[in-house]
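A quick write-up on the structure given underneath.
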Amino acid sequence: MSERILIIEDEEKIARVLQLELEFEGYETGIAYTGSDGLVLYREQQWDLVLLDIMLPVMSGIEVLKRIRATEFSTPVLMLTAKDELEDKVSGLDLGANDYITKPFEIEELLARIRVALRFQKKNQEAVTNGKEKDPFLHKHAGLSMHEKTREVMKDGVSIDLTPREFELLLYLLKHPKQVLTREQILDRVWGYDYYGDTNVVDVYIRYVRQKIDKGSNNPLIQTVRGVGYVLKEQTHET
């Protein structure tokens, strides 16, 4: 199975050249021309690596990176920029970028950096598979487990099917157990800052997820904190 690379680049000619070169090398690709579209595409599909331009319309590359790293650290992200400024590089690397390359660049250099990033990721995955270290993509709490890479969700040993949005919502709660999260925080992380709809959408999706993970349970995990938001924790009754 070919490795999949997401290109988030607003200059269509550059994006198309990158797509052609990567597909010639045997990779599968996807393209988004704005930061917000790129984030949506990233969340809806599985990617082995992201090529992320820093100067993007609607949502900057730095903001996209921040939102990616808010939910997972496994997917390599290579930042592309036309500006050779130290501040941009430091910001990106501090937020979890794996590498940086400044435009204009030679395609051979970019391909080499991609190969290095993918090899490093593969070694980490093999180490996890061989039991050498804790799986960083597996999250557990009170009988609930979620795997960021396989998208597998289990509750008390029973597999649960979630939509992509339901998965991101539950994953965000699971990564912050016992922490009360406001509806605004949840909207920002799961729907994105450019969502301008009613915050009631959070309540609707919380209900969907509850029906799937807490159905028939005497110990529901997702608790309501009235007037504030929601919290994932064990409790014998809802607050």
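Ligands are numbered from 1 in the order shown, residues from 1 within each chain, and chains are lettered A, B, ... in the order they appear in the structure tokens.
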Per-residue DSSP, stretch 4-166 of chain A, filtered to helix (DSSP H, G or I), as a ChimeraX atom specification: /A:12-24,35-44,61-69,86-94,107-129,164-166
Output as JSON lines one row per residue of stretch 146-225 of chain A within 8 Å of stretch 55-73 of chain A: the closest atom pair and its distance in Å to one decimal place, counting only C-alpha atoms, sorted by chain and residue number ascending.
```
{"residue": "A:Glu148", "atom": "CA", "partner": "A:Glu72", "partner_atom": "CA", "distance": 7.4}
{"residue": "A:Leu171", "atom": "CA", "partner": "A:Thr71", "partner_atom": "CA", "distance": 7.6}
{"residue": "A:Tyr172", "atom": "CA", "partner": "A:Thr71", "partner_atom": "CA", "distance": 6.8}
{"residue": "A:Lys175", "atom": "CA", "partner": "A:Thr71", "partner_atom": "CA", "distance": 8.0}
{"residue": "A:Arg189", "atom": "CA", "partner": "A:Arg67", "partner_atom": "CA", "distance": 6.8}
```
Prev. selection, all heavy atoms, output as a PDB file, in the first residue's frame:
```
ATOM      1  N   GLU A 148      -5.323   6.316  17.554  1.00  0.00           N
ATOM      2  CA  GLU A 148      -5.347   7.399  16.573  1.00  0.00           C
ATOM      3  C   GLU A 148      -5.048   6.930  15.161  1.00  0.00           C
ATOM      4  O   GLU A 148      -5.575   7.490  14.192  1.00  0.00           O
ATOM      5  CB  GLU A 148      -4.343   8.484  16.961  1.00  0.00           C
ATOM      6  CG  GLU A 148      -4.714   9.245  18.214  1.00  0.00           C
ATOM      7  CD  GLU A 148      -3.724  10.341  18.510  1.00  0.00           C
ATOM      8  OE1 GLU A 148      -3.485  11.178  17.615  1.00  0.00           O
ATOM      9  OE2 GLU A 148      -3.188  10.370  19.619  1.00  0.00           O
ATOM     10  N   LEU A 171     -12.093  11.585  21.078  1.00  0.00           N
ATOM     11  CA  LEU A 171     -10.648  11.581  21.285  1.00  0.00           C
ATOM     12  C   LEU A 171     -10.205  12.799  22.087  1.00  0.00           C
ATOM     13  O   LEU A 171      -9.351  12.709  22.974  1.00  0.00           O
ATOM     14  CB  LEU A 171      -9.918  11.537  19.945  1.00  0.00           C
ATOM     15  CG  LEU A 171      -8.387  11.483  20.014  1.00  0.00           C
ATOM     16  CD1 LEU A 171      -7.926  10.197  20.695  1.00  0.00           C
ATOM     17  CD2 LEU A 171      -7.785  11.577  18.614  1.00  0.00           C
ATOM     18  N   TYR A 172     -10.788  13.952  21.788  1.00  0.00           N
ATOM     19  CA  TYR A 172     -10.445  15.170  22.519  1.00  0.00           C
ATOM     20  C   TYR A 172     -10.810  15.036  23.995  1.00  0.00           C
ATOM     21  O   TYR A 172     -10.025  15.400  24.878  1.00  0.00           O
ATOM     22  CB  TYR A 172     -11.161  16.367  21.893  1.00  0.00           C
ATOM     23  CG  TYR A 172     -10.837  17.692  22.539  1.00  0.00           C
ATOM     24  CD1 TYR A 172      -9.520  18.069  22.796  1.00  0.00           C
ATOM     25  CD2 TYR A 172     -11.849  18.582  22.893  1.00  0.00           C
ATOM     26  CE1 TYR A 172      -9.222  19.285  23.390  1.00  0.00           C
ATOM     27  CE2 TYR A 172     -11.559  19.805  23.484  1.00  0.00           C
ATOM     28  CZ  TYR A 172     -10.242  20.149  23.730  1.00  0.00           C
ATOM     29  OH  TYR A 172      -9.939  21.352  24.326  1.00  0.00           O
ATOM     30  N   LYS A 175      -8.369  12.553  25.675  1.00  0.00           N
ATOM     31  CA  LYS A 175      -7.031  13.084  25.903  1.00  0.00           C
ATOM     32  C   LYS A 175      -6.989  14.055  27.078  1.00  0.00           C
ATOM     33  O   LYS A 175      -5.909  14.455  27.505  1.00  0.00           O
ATOM     34  CB  LYS A 175      -6.512  13.778  24.635  1.00  0.00           C
ATOM     35  CG  LYS A 175      -6.057  12.815  23.562  1.00  0.00           C
ATOM     36  CD  LYS A 175      -5.386  13.573  22.436  1.00  0.00           C
ATOM     37  CE  LYS A 175      -4.680  12.631  21.488  1.00  0.00           C
ATOM     38  NZ  LYS A 175      -3.916  13.342  20.446  1.00  0.00           N
ATOM     39  N   ARG A 189     -11.536  22.978  18.927  1.00  0.00           N
ATOM     40  CA  ARG A 189     -10.652  21.855  18.641  1.00  0.00           C
ATOM     41  C   ARG A 189     -11.223  20.887  17.620  1.00  0.00           C
ATOM     42  O   ARG A 189     -10.489  20.342  16.795  1.00  0.00           O
ATOM     43  CB  ARG A 189     -10.350  21.079  19.940  1.00  0.00           C
ATOM     44  CG  ARG A 189      -9.531  21.851  20.939  1.00  0.00           C
ATOM     45  CD  ARG A 189      -8.152  22.167  20.390  1.00  0.00           C
ATOM     46  NE  ARG A 189      -7.312  22.760  21.411  1.00  0.00           N
ATOM     47  CZ  ARG A 189      -6.075  23.200  21.202  1.00  0.00           C
ATOM     48  NH1 ARG A 189      -5.563  23.105  19.995  1.00  0.00           N
ATOM     49  NH2 ARG A 189      -5.368  23.731  22.172  1.00  0.00           N
TER      50      ARG A 189
END
```
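We find atom CA of A:Tyr33 and atom CA of A:Leu169 to be spaced 25.2 Å apart.
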For A:Ala15: contacts at 12 Å, only C-alpha atoms, fewer than 5 positions along chain excluded, given as a list of chain:residue names: A:Ile5, A:Leu6, A:Ile7, A:Ile8, A:Glu9, A:Asp10, A:Leu20, A:Glu21, A:Leu22, A:Thr29, A:Gly30, A:Ile31, A:Ala32, A:Tyr33, A:Thr34, A:Leu51, A:Leu52, A:Asp53, A:Leu80
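Using only C-alpha atoms, the shortest contact distance between A:His139 and any of A:Ala117, A:Leu174, A:Val40, A:Leu18 is found at A:Leu174.
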Contacts of A:Arg207 within 12 Å, only C-alpha atoms, excl. fewer than 5 positions in-chain, as a PyMOL selection string: chain A and resi 166+169-170+200-202+212-215+220+222-224+230
Residue with smallest distance to A:Trp191 - pool A:Asp37, A:Glu23, A:Glu11, A:Asp99, counting only C-alpha atoms: A:Asp37
Distance of atom CA of A:Lys178 from atom CA of A:Val231, expressed in Å to one decimal place: 5.8 Å
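Nearest to A:Tyr42 of all the residues A:Lys123, A:Leu111, A:Arg4, A:Glu184 is A:Arg4, based on only C-alpha atoms.
Pairwise distance (atom CA of A:Gln179, atom CA of A:Gln46) equals 27.8 Å.
Nearest-residue note for A:Ala97: choosing from A:Glu168, A:Arg119, A:Ile54, A:Ala82, the minimum distance belongs to A:Ile54, counting only C-alpha atoms.
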Nearest-residue call for A:Asn98, choices A:Met146, A:Val209, A:Leu173, A:Leu49, using only C-alpha atoms: A:Leu49
